[in-house]
file entry_5.cif (mmCIF, C-alpha atoms and all ligand atoms)
data_final
loop_
_atom_site.label_atom_id
_atom_site.label_comp_id
_atom_site.auth_asym_id
_atom_site.auth_seq_id
_atom_site.Cartn_x
_atom_site.Cartn_y
_atom_site.Cartn_z
CA MET A 1 0.00 0.00 0.00
CA LYS A 2 1.24 3.49 -0.85
CA PRO A 3 2.16 5.61 2.22
CA PHE A 4 -0.47 8.22 1.29
CA LYS A 5 -3.22 5.63 1.24
CA LYS A 6 -1.98 4.19 4.52
CA TYR A 7 -2.16 7.59 6.24
CA LEU A 8 -5.53 8.33 4.70
CA LEU A 9 -6.84 5.04 6.03
CA LEU A 10 -5.41 5.74 9.48
CA PHE A 11 -6.89 9.24 9.43
CA LEU A 12 -10.32 7.90 8.47
CA LEU A 13 -10.11 5.26 11.18
CA LEU A 14 -9.26 7.85 13.83
CA LEU A 15 -11.94 10.21 12.53
CA SER A 16 -14.62 7.54 12.66
CA THR A 17 -13.57 6.41 16.16
CA PHE A 18 -13.66 10.03 17.31
CA SER A 19 -17.12 10.51 15.77
CA VAL A 20 -18.55 7.35 17.33
CA TYR A 21 -17.11 8.25 20.75
CA ASN A 22 -18.54 11.77 20.54
CA PHE A 23 -21.91 10.45 19.46
CA MET A 24 -21.93 8.11 22.45
CA ILE A 25 -21.02 10.90 24.87
CA TYR A 26 -23.57 13.39 23.62
CA THR A 27 -26.46 10.96 23.31
CA SER A 28 -26.02 9.07 26.58
CA LYS A 29 -28.18 10.35 29.41
CA PRO A 30 -26.29 10.69 32.68
CA ASP A 31 -28.01 9.57 35.87
CA TYR A 32 -28.33 12.59 38.12
CA GLY A 33 -30.36 10.64 40.64
CA ASN A 34 -33.55 12.48 39.63
CA ILE A 35 -32.84 15.58 41.70
CA HIS A 36 -35.46 18.30 41.92
CA LEU A 37 -35.45 21.18 44.35
CA SER A 38 -38.63 21.75 46.34
CA GLU A 39 -40.49 25.04 45.98
CA LYS A 40 -39.11 26.26 49.29
CA ALA A 41 -35.55 25.41 48.26
CA ILE A 42 -36.07 27.26 44.97
CA CYS A 43 -37.05 30.36 46.99
CA GLY A 44 -33.77 29.86 48.86
CA GLU A 45 -31.89 29.48 45.61
CA ASN A 46 -33.40 32.73 44.36
CA LEU A 47 -32.21 34.50 47.51
CA TRP A 48 -28.81 32.91 46.97
CA LEU A 49 -28.70 34.32 43.44
CA LYS A 50 -30.25 37.71 44.25
CA ASN A 51 -27.79 38.39 47.07
CA ASN A 52 -24.83 37.17 45.07
CA CYS A 53 -23.70 34.71 47.75
CA ASN A 54 -21.78 32.94 45.03
CA SER A 55 -19.39 35.86 44.70
CA CYS A 56 -17.77 34.75 47.97
CA HIS A 57 -18.96 31.15 48.39
CA GLN A 58 -18.75 28.07 46.20
CA LEU A 59 -21.10 25.21 45.48
CA TYR A 60 -19.21 22.18 44.21
CA GLY A 61 -16.07 24.28 44.22
CA LEU A 62 -17.45 26.90 41.82
CA GLY A 63 -17.77 30.49 42.90
CA GLY A 64 -15.80 33.11 44.79
CA TYR A 65 -13.13 32.17 47.30
CA LEU A 66 -13.48 34.68 50.12
CA GLY A 67 -15.84 32.42 52.08
CA PRO A 68 -16.01 28.63 52.42
CA ASP A 69 -17.61 26.11 50.06
CA LEU A 70 -21.21 25.58 51.19
CA THR A 71 -22.13 22.40 49.28
CA ASN A 72 -22.26 20.36 52.48
CA VAL A 73 -22.58 23.11 55.07
CA TYR A 74 -25.92 21.58 56.11
CA ALA A 75 -24.18 18.35 57.14
CA HIS A 76 -21.65 20.16 59.31
CA ARG A 77 -23.70 22.91 60.94
CA ASN A 78 -27.10 22.85 62.60
CA GLU A 79 -30.03 24.92 61.34
CA ASP A 80 -29.89 27.44 64.20
CA TYR A 81 -26.23 28.11 63.44
CA LEU A 82 -26.99 28.65 59.75
CA LYS A 83 -29.88 31.02 60.46
CA ALA A 84 -27.82 32.95 63.00
CA MET A 85 -24.92 33.22 60.56
CA LEU A 86 -27.14 34.76 57.89
CA ASN A 87 -28.22 37.72 59.96
CA SER A 88 -25.25 38.27 62.23
CA GLY A 89 -22.34 38.29 59.83
CA VAL A 90 -18.80 37.43 60.88
CA LYS A 91 -15.58 39.00 59.64
CA ALA A 92 -15.93 39.23 55.85
CA MET A 93 -19.40 37.62 55.86
CA PRO A 94 -21.87 40.49 55.47
CA LYS A 95 -24.84 40.93 57.79
CA PHE A 96 -28.08 40.24 55.92
CA ASN A 97 -31.56 41.11 57.09
CA PHE A 98 -33.52 38.04 56.11
CA ASN A 99 -36.93 37.48 57.67
CA PRO A 100 -37.73 34.05 59.23
CA THR A 101 -39.35 32.74 56.01
CA GLU A 102 -36.32 33.73 53.97
CA LYS A 103 -33.95 32.12 56.47
CA GLU A 104 -36.03 28.91 56.36
CA ALA A 105 -35.86 28.94 52.56
CA LEU A 106 -32.08 29.35 52.50
CA VAL A 107 -31.62 26.58 55.05
CA GLN A 108 -33.90 24.34 52.94
CA PHE A 109 -31.75 25.19 49.91
CA PHE A 110 -28.60 24.14 51.79
CA LYS A 111 -30.35 20.97 52.96
CA GLU A 112 -31.32 19.91 49.44
CA VAL A 113 -28.00 20.89 47.89
CA ASN A 114 -26.32 18.76 50.54
CA GLN A 115 -28.40 15.78 49.37
CA THR A 116 -27.12 16.09 45.80
CA GLY A 117 -23.61 14.87 46.69
CA PHE A 118 -20.51 15.99 48.43
CA TYR A 119 -17.56 18.24 47.77
CA PRO A 120 -14.64 17.76 47.68
CA ASN A 121 -15.45 14.45 46.15
CA ILE A 122 -12.89 12.26 47.86
CA GLU A 123 -14.80 9.08 47.12
CA SER A 124 -14.85 9.41 43.35
CA GLU A 125 -13.23 6.86 41.13
CA LEU A 126 -11.62 7.39 37.75
CA GLU A 127 -12.83 4.69 35.39
CA THR A 128 -10.75 3.25 32.56
CA ASP A 129 -12.83 5.09 29.92
CA GLY A 130 -12.12 8.44 31.59
CA TRP A 131 -15.49 8.94 33.33
CA VAL A 132 -15.58 9.69 37.01
CA SER A 133 -18.00 7.55 38.98
CA ILE A 134 -19.37 8.62 42.32
CA LYS A 135 -19.87 6.30 45.20
CA ARG A 136 -22.84 7.99 46.86
CA LYS A 137 -22.94 8.04 50.62
CA GLU A 138 -26.19 6.41 51.75
C1 LIG B 201 -18.47 39.38 50.89
C2 LIG B 201 -18.38 37.95 50.87
C3 LIG B 201 -19.54 37.11 51.32
C4 LIG B 201 -20.83 37.13 50.81
C5 LIG B 201 -21.41 38.02 49.72
C6 LIG B 201 -21.54 36.10 51.53
N1 LIG B 201 -20.72 35.48 52.42
FE1 LIG B 201 -21.20 33.93 53.64
N2 LIG B 201 -19.34 33.97 54.45
C7 LIG B 201 -18.31 34.77 54.04
C8 LIG B 201 -17.14 34.46 54.84
C9 LIG B 201 -15.77 35.13 54.70
C10 LIG B 201 -17.51 33.45 55.75
C11 LIG B 201 -16.64 32.82 56.83
C12 LIG B 201 -16.83 33.61 58.09
C13 LIG B 201 -15.98 33.03 59.22
O1 LIG B 201 -16.36 32.00 59.76
O2 LIG B 201 -14.95 33.63 59.51
C14 LIG B 201 -18.91 33.15 55.47
C15 LIG B 201 -19.63 32.19 56.14
C16 LIG B 201 -20.92 31.79 55.79
C17 LIG B 201 -21.64 30.68 56.38
C18 LIG B 201 -21.13 29.79 57.51
C19 LIG B 201 -20.26 28.69 56.96
C20 LIG B 201 -19.65 27.85 58.07
O3 LIG B 201 -19.41 26.66 57.81
O4 LIG B 201 -19.42 28.36 59.15
C21 LIG B 201 -22.85 30.60 55.76
C22 LIG B 201 -23.95 29.59 56.03
C23 LIG B 201 -22.88 31.65 54.77
N3 LIG B 201 -21.70 32.36 54.81
C24 LIG B 201 -23.94 31.88 53.94
C25 LIG B 201 -24.01 32.94 53.04
C26 LIG B 201 -25.19 33.24 52.24
C27 LIG B 201 -26.46 32.44 52.23
C28 LIG B 201 -24.90 34.36 51.53
C29 LIG B 201 -25.79 35.12 50.60
C30 LIG B 201 -27.09 35.51 51.12
C31 LIG B 201 -23.53 34.74 51.86
N4 LIG B 201 -23.03 33.86 52.79
C32 LIG B 201 -22.87 35.80 51.29
C33 LIG B 201 -18.35 35.72 53.04
C34 LIG B 201 -19.48 36.07 52.31
#

call {"tool": "encode", "arguments": {"input": "entry_5.cif", "output": "structure tokens", "more": "lines below"}}
Ligand code: HEC
result
Amino acid sequence: MKPFKKYLLLFLLLLSTFSVYNFMIYTSKPDYGNIHLSEKAICGENLWLKNNCNSCHQLYGLGGYLGPDLTNVYAHRNEDYLKAMLNSGVKAMPKFNFNPTEKEALVQFFKEVNQTGFYPNIESELETDGWVSIKRKE
């Protein structure tokens, strides 16, 4: 076989493998565990967005870095602590004036975000095909 033909064949082989792999990635539906936020948690999420909490805090490591990651704050702190934190402010954490309903909504948001997984994800496993699988804590 002429070298040109050989390279063309190799190129076509790589191109078709690449196309099939991409097709598989973009058409497979990942299992997110069927997560939906409740109405109350969505109110909390809206407060989270409106007050730009993400400029200082992170969820799943994404956000600003002045304050701590709050993905699993619900697992580490009790509800009274969280509510108190919101309206008292400490050091660089501003003092907000949320009413009791708003505080409940934000705590509910933290509670449901906490149920979606954990960060940092120390129990993840890198599979041979490059995907990361999560061993969920029950
Ligand atoms: C200007 C930056 C900033 C903004 C904006 C901000 N925070 Fe914070 N937050 C901090 C910092 C810094 C801390 C850590 C305070 C400390 O313990 O010293 C903190 C701590 C917290 C904690 C306690 C975490 C823990 O484990 O003790 C909660 C809960 C929290 N913030 C929620 C919020 C929410 C909700 C919003 C938006 C309504 C918000 N923060 C907006 C900076 C910010």

call {"tool": "residues_near_ligand", "arguments": {"input": "entry_5.cif", "ligand": "ligand LIG 201 (chain B)", "cutoff": "9 Å", "atoms": "all atoms listed in the file", "output": "ChimeraX atom specification"}}
result
/A:44,47-57,64-70,72-74,76-77,81-86,89-96,98,103,106-107,110

call {"tool": "write_last_selection", "arguments": {"input": "entry_5.cif", "atoms": "C-alpha atoms", "output": "CSV table (one decimal), in the frame of the given file"}}
result
chain,number,residue,atom,x,y,z
A,44,GLY,CA,-33.8,29.9,48.9
A,47,LEU,CA,-32.2,34.5,47.5
A,48,TRP,CA,-28.8,32.9,47.0
A,49,LEU,CA,-28.7,34.3,43.4
A,50,LYS,CA,-30.2,37.7,44.2
A,51,ASN,CA,-27.8,38.4,47.1
A,52,ASN,CA,-24.8,37.2,45.1
A,53,CYS,CA,-23.7,34.7,47.8
A,54,ASN,CA,-21.8,32.9,45.0
A,55,SER,CA,-19.4,35.9,44.7
A,56,CYS,CA,-17.8,34.8,48.0
A,57,HIS,CA,-19.0,31.2,48.4
A,64,GLY,CA,-15.8,33.1,44.8
A,65,TYR,CA,-13.1,32.2,47.3
A,66,LEU,CA,-13.5,34.7,50.1
A,67,GLY,CA,-15.8,32.4,52.1
A,68,PRO,CA,-16.0,28.6,52.4
A,69,ASP,CA,-17.6,26.1,50.1
A,70,LEU,CA,-21.2,25.6,51.2
A,72,ASN,CA,-22.3,20.4,52.5
A,73,VAL,CA,-22.6,23.1,55.1
A,74,TYR,CA,-25.9,21.6,56.1
A,76,HIS,CA,-21.6,20.2,59.3
A,77,ARG,CA,-23.7,22.9,60.9
A,81,TYR,CA,-26.2,28.1,63.4
A,82,LEU,CA,-27.0,28.6,59.8
A,83,LYS,CA,-29.9,31.0,60.5
A,84,ALA,CA,-27.8,33.0,63.0
A,85,MET,CA,-24.9,33.2,60.6
A,86,LEU,CA,-27.1,34.8,57.9
A,89,GLY,CA,-22.3,38.3,59.8
A,90,VAL,CA,-18.8,37.4,60.9
A,91,LYS,CA,-15.6,39.0,59.6
A,92,ALA,CA,-15.9,39.2,55.8
A,93,MET,CA,-19.4,37.6,55.9
A,94,PRO,CA,-21.9,40.5,55.5
A,95,LYS,CA,-24.8,40.9,57.8
A,96,PHE,CA,-28.1,40.2,55.9
A,98,PHE,CA,-33.5,38.0,56.1
A,103,LYS,CA,-34.0,32.1,56.5
A,106,LEU,CA,-32.1,29.4,52.5
A,107,VAL,CA,-31.6,26.6,55.0
A,110,PHE,CA,-28.6,24.1,51.8

call {"tool": "residues_around", "arguments": {"input": "entry_5.cif", "residues": "Val132 (chain A)", "least_positions_apart": "5", "cutoff": "12 Å", "atoms": "all atoms listed in the file", "output": "list in words"}}
result
Pro30, Asn121, Ile122, Glu123, Ser124, Glu125, Leu126 and Glu127 of chain A

call {"tool": "closest_residue", "arguments": {"input": "entry_5.cif", "among": "A:Phe118, A:Tyr21, A:Tyr7, A:Trp131", "to": "Gly61 (chain A)", "atoms": "all atoms listed in the file"}}
result
A:Phe118

call {"tool": "closest_residue", "arguments": {"input": "entry_5.cif", "among": "A:Leu62, A:Leu37, A:Leu8, A:Glu104", "to": "Asp80 (chain A)", "atoms": "all atoms listed in the file"}}
result
A:Glu104

call {"tool": "atom_distance", "arguments": {"input": "entry_5.cif", "atom1": "CA of Asn46 (chain A)", "atom2": "CA of Asn114 (chain A)"}}
result
16.8 Å

call {"tool": "atom_distance", "arguments": {"input": "entry_5.cif", "atom1": "CA of Leu13 (chain A)", "atom2": "CA of Ile25 (chain A)"}}
result
18.4 Å

call {"tool": "closest_residue", "arguments": {"input": "entry_5.cif", "among": "A:Ser133, A:Thr71, A:Asn78, A:Asn97", "to": "Gly117 (chain A)", "atoms": "all atoms listed in the file"}}
result
A:Thr71

call {"tool": "atom_distance", "arguments": {"input": "entry_5.cif", "atom1": "CA of Ile35 (chain A)", "atom2": "CA of Val113 (chain A)"}}
result
9.5 Å

call {"tool": "axis_aligned_box", "arguments": {"input": "entry_5.cif", "around": "region 105-109 of chain A", "padding_each_side": "3 Å", "output": "lines of an AutoDock Vina configuration file"}}
result
center_x = -33.7
center_y = 26.8
center_z = 52.5
size_x = 10.2
size_y = 11.0
size_z = 11.1

call {"tool": "residues_around", "arguments": {"input": "entry_5.cif", "residues": "Glu39 (chain A)", "least_positions_apart": "3", "cutoff": "10 Å", "atoms": "only C-alpha atoms", "output": "PyMOL selection string"}}
result
chain A and resi 36+42-45+105+108-109

call {"tool": "closest_residue", "arguments": {"input": "entry_5.cif", "among": "A:Ser28, A:Gln58, A:Thr17, A:Ser38", "to": "Tyr119 (chain A)", "atoms": "all atoms listed in the file"}}
result
A:Gln58

call {"tool": "closest_residue", "arguments": {"input": "entry_5.cif", "among": "A:Thr116, A:Thr27, A:Thr128, A:Ser19", "to": "Leu59 (chain A)", "atoms": "only C-alpha atoms"}}
result
A:Thr116
